[in-house]
>>> print(open('target-v9.cif').read())   # mmCIF, N, CA and C atoms
data_entry
loop_
_atom_site.label_atom_id
_atom_site.label_comp_id
_atom_site.auth_asym_id
_atom_site.auth_seq_id
_atom_site.Cartn_x
_atom_site.Cartn_y
_atom_site.Cartn_z
N MET A 181 11.46 -16.92 -7.53
CA MET A 181 10.02 -16.87 -7.41
C MET A 181 9.50 -18.04 -6.57
N GLU A 182 10.03 -19.22 -6.78
CA GLU A 182 9.58 -20.38 -6.03
C GLU A 182 9.87 -20.22 -4.54
N MET A 183 11.02 -19.61 -4.22
CA MET A 183 11.36 -19.40 -2.82
C MET A 183 10.33 -18.47 -2.17
N ALA A 184 9.95 -17.41 -2.86
CA ALA A 184 8.96 -16.48 -2.32
C ALA A 184 7.63 -17.20 -2.10
N LYS A 185 7.22 -18.01 -3.05
CA LYS A 185 5.95 -18.74 -2.91
C LYS A 185 5.98 -19.66 -1.70
N SER A 186 7.10 -20.25 -1.42
CA SER A 186 7.16 -21.17 -0.28
C SER A 186 7.25 -20.42 1.05
N CYS A 187 7.75 -19.19 1.03
CA CYS A 187 7.89 -18.42 2.27
C CYS A 187 6.63 -17.67 2.67
N ILE A 188 5.81 -17.29 1.71
CA ILE A 188 4.63 -16.47 2.00
C ILE A 188 3.70 -17.11 3.03
N PRO A 189 3.40 -18.40 2.95
CA PRO A 189 2.49 -18.97 3.97
C PRO A 189 3.04 -18.90 5.40
N ARG A 190 4.36 -18.84 5.55
CA ARG A 190 4.96 -18.78 6.88
C ARG A 190 5.31 -17.36 7.31
N SER A 191 4.93 -16.36 6.52
CA SER A 191 5.36 -14.99 6.77
C SER A 191 4.55 -14.27 7.84
N ASN A 192 3.43 -14.83 8.25
CA ASN A 192 2.56 -14.20 9.24
C ASN A 192 1.90 -12.93 8.71
N LEU A 193 1.85 -12.75 7.39
CA LEU A 193 1.17 -11.61 6.80
C LEU A 193 -0.31 -11.94 6.66
N ASN A 194 -1.15 -10.98 6.93
CA ASN A 194 -2.59 -11.17 6.81
C ASN A 194 -3.17 -10.05 5.97
N PHE A 195 -4.14 -10.40 5.14
CA PHE A 195 -4.83 -9.41 4.33
C PHE A 195 -5.73 -8.58 5.22
N VAL A 196 -5.67 -7.26 5.06
CA VAL A 196 -6.53 -6.34 5.81
C VAL A 196 -7.14 -5.38 4.82
N GLU A 197 -8.45 -5.22 4.88
CA GLU A 197 -9.12 -4.25 4.02
C GLU A 197 -8.53 -2.86 4.27
N ALA A 198 -8.33 -2.09 3.24
CA ALA A 198 -7.72 -0.76 3.37
C ALA A 198 -8.51 0.14 4.30
N ASN A 199 -9.83 0.01 4.30
CA ASN A 199 -10.62 0.89 5.17
C ASN A 199 -10.45 0.54 6.65
N GLN A 200 -9.92 -0.62 6.97
CA GLN A 200 -9.69 -1.01 8.36
C GLN A 200 -8.32 -0.56 8.86
N ILE A 201 -7.42 -0.24 7.97
CA ILE A 201 -6.07 0.12 8.40
C ILE A 201 -6.06 1.43 9.16
N ASN A 202 -7.03 2.30 8.91
CA ASN A 202 -7.09 3.56 9.66
C ASN A 202 -7.31 3.32 11.15
N VAL A 203 -7.94 2.21 11.50
CA VAL A 203 -8.10 1.85 12.92
C VAL A 203 -6.72 1.70 13.55
N TYR A 204 -5.82 1.00 12.86
CA TYR A 204 -4.47 0.82 13.38
C TYR A 204 -3.72 2.15 13.44
N PHE A 205 -3.84 2.96 12.40
CA PHE A 205 -3.19 4.26 12.40
C PHE A 205 -3.66 5.11 13.58
N THR A 206 -4.96 5.08 13.84
CA THR A 206 -5.51 5.86 14.95
C THR A 206 -4.99 5.37 16.29
N ILE A 207 -4.90 4.06 16.46
CA ILE A 207 -4.37 3.50 17.71
C ILE A 207 -2.92 3.94 17.91
N PHE A 208 -2.12 3.82 16.86
CA PHE A 208 -0.72 4.23 16.96
C PHE A 208 -0.61 5.73 17.22
N PHE A 209 -1.44 6.52 16.55
CA PHE A 209 -1.42 7.96 16.74
C PHE A 209 -1.76 8.32 18.18
N ASP A 210 -2.76 7.64 18.75
CA ASP A 210 -3.15 7.91 20.14
C ASP A 210 -2.04 7.53 21.12
N MET A 211 -1.29 6.46 20.81
CA MET A 211 -0.20 6.04 21.67
C MET A 211 0.96 7.04 21.61
N ASN A 212 1.36 7.36 20.38
CA ASN A 212 2.49 8.26 20.16
C ASN A 212 2.46 8.68 18.69
N PRO A 213 2.06 9.90 18.39
CA PRO A 213 1.94 10.34 17.00
C PRO A 213 3.22 10.17 16.18
N ASP A 214 4.37 10.20 16.83
CA ASP A 214 5.63 10.04 16.10
C ASP A 214 5.78 8.67 15.46
N ILE A 215 5.06 7.67 15.98
CA ILE A 215 5.14 6.31 15.43
C ILE A 215 4.76 6.31 13.95
N ILE A 216 3.77 7.14 13.59
CA ILE A 216 3.29 7.16 12.21
C ILE A 216 3.57 8.49 11.52
N GLY A 217 4.57 9.19 11.96
CA GLY A 217 4.97 10.42 11.30
C GLY A 217 4.21 11.65 11.72
N GLY A 218 3.51 11.60 12.85
CA GLY A 218 2.87 12.78 13.40
C GLY A 218 1.45 13.04 12.96
N LYS A 219 0.94 12.25 12.01
CA LYS A 219 -0.45 12.43 11.59
C LYS A 219 -0.99 11.13 10.99
N VAL A 220 -2.30 11.00 11.04
CA VAL A 220 -2.95 9.85 10.41
C VAL A 220 -2.99 10.14 8.90
N PRO A 221 -2.56 9.19 8.07
CA PRO A 221 -2.54 9.43 6.62
C PRO A 221 -3.93 9.73 6.08
N ASP A 222 -3.99 10.56 5.04
CA ASP A 222 -5.27 10.87 4.43
C ASP A 222 -5.61 9.83 3.36
N ASP A 223 -6.71 10.01 2.68
CA ASP A 223 -7.18 9.02 1.70
C ASP A 223 -6.28 8.87 0.50
N ASN A 224 -5.35 9.80 0.28
CA ASN A 224 -4.42 9.69 -0.85
C ASN A 224 -3.43 8.55 -0.67
N LEU A 225 -3.37 7.98 0.53
CA LEU A 225 -2.47 6.84 0.78
C LEU A 225 -2.93 5.60 0.01
N TYR A 226 -4.21 5.48 -0.20
CA TYR A 226 -4.79 4.25 -0.76
C TYR A 226 -4.95 4.32 -2.27
N LEU A 227 -4.68 3.22 -2.91
CA LEU A 227 -4.89 3.09 -4.34
C LEU A 227 -6.32 2.66 -4.58
N ASN A 228 -7.02 3.37 -5.42
CA ASN A 228 -8.43 3.02 -5.71
C ASN A 228 -8.51 2.13 -6.91
#
>>> encode(input="target-v9.cif", output="structure tokens")
Amino acid sequence: MEMAKSCIPRSNLNFVEANQINVYFTIFFDMNPDIIGGKVPDDNLYLN
């Protein structure tokens, strides 16, 4: 657990609101739909 805590700040992970992730999905879909499995995920992807 301590190792994970020390690695997280250097992981380059950033918090993104779930409603903003569809922007990324749409960009990837426009570039090449196969990147994200051929379709933009529906709202069932997100945990409410």
>>> residues_near_point(input="target-v9.cif", point="(-3.3, 8.6, 9.8)", cutoff="10 Å", atoms="only C-alpha atoms", output="list in words")
Ile201, Asn202, Val203, Tyr204, Phe205, Thr206, Ile207, Phe208, Phe209, Pro213, Ile216, Gly217, Gly218, Lys219, Val220, Pro221, Asp222, Asp223 and Leu225 of chain A
>>> atom_distance(input="target-v9.cif", atom1="CA of Met211 in chain A", atom2="CA of Asn199 in chain A")
20.2 Å
>>> axis_aligned_box(input="target-v9.cif", around="range 210-220 of chain A", padding_each_side="4 Å", output="AutoDock Vina command-line options")
--center_x 1.3 --center_y 9.5 --center_z 15.3 --size_x 16.9 --size_y 15.0 --size_z 20.8
>>> atom_distance(input="target-v9.cif", atom1="atom C of Glu197 in chain A", atom2="atom C of Asn224 in chain A")
13.4 Å
>>> atom_distance(input="target-v9.cif", atom1="atom N of Met183 in chain A", atom2="atom C of Tyr226 in chain A")
28.8 Å
>>> select_by_dssp(input="target-v9.cif", residues="chain A", states="alpha helix (DSSP H)", output="list in words")
Glu182, Met183, Ala184, Lys185, Ser186, Cys187, Ala198, Asn199, Gln200, Ile201, Asn202, Val203, Tyr204, Phe205, Thr206, Ile207, Phe208, Phe209, Asp210 and Met211 of chain A
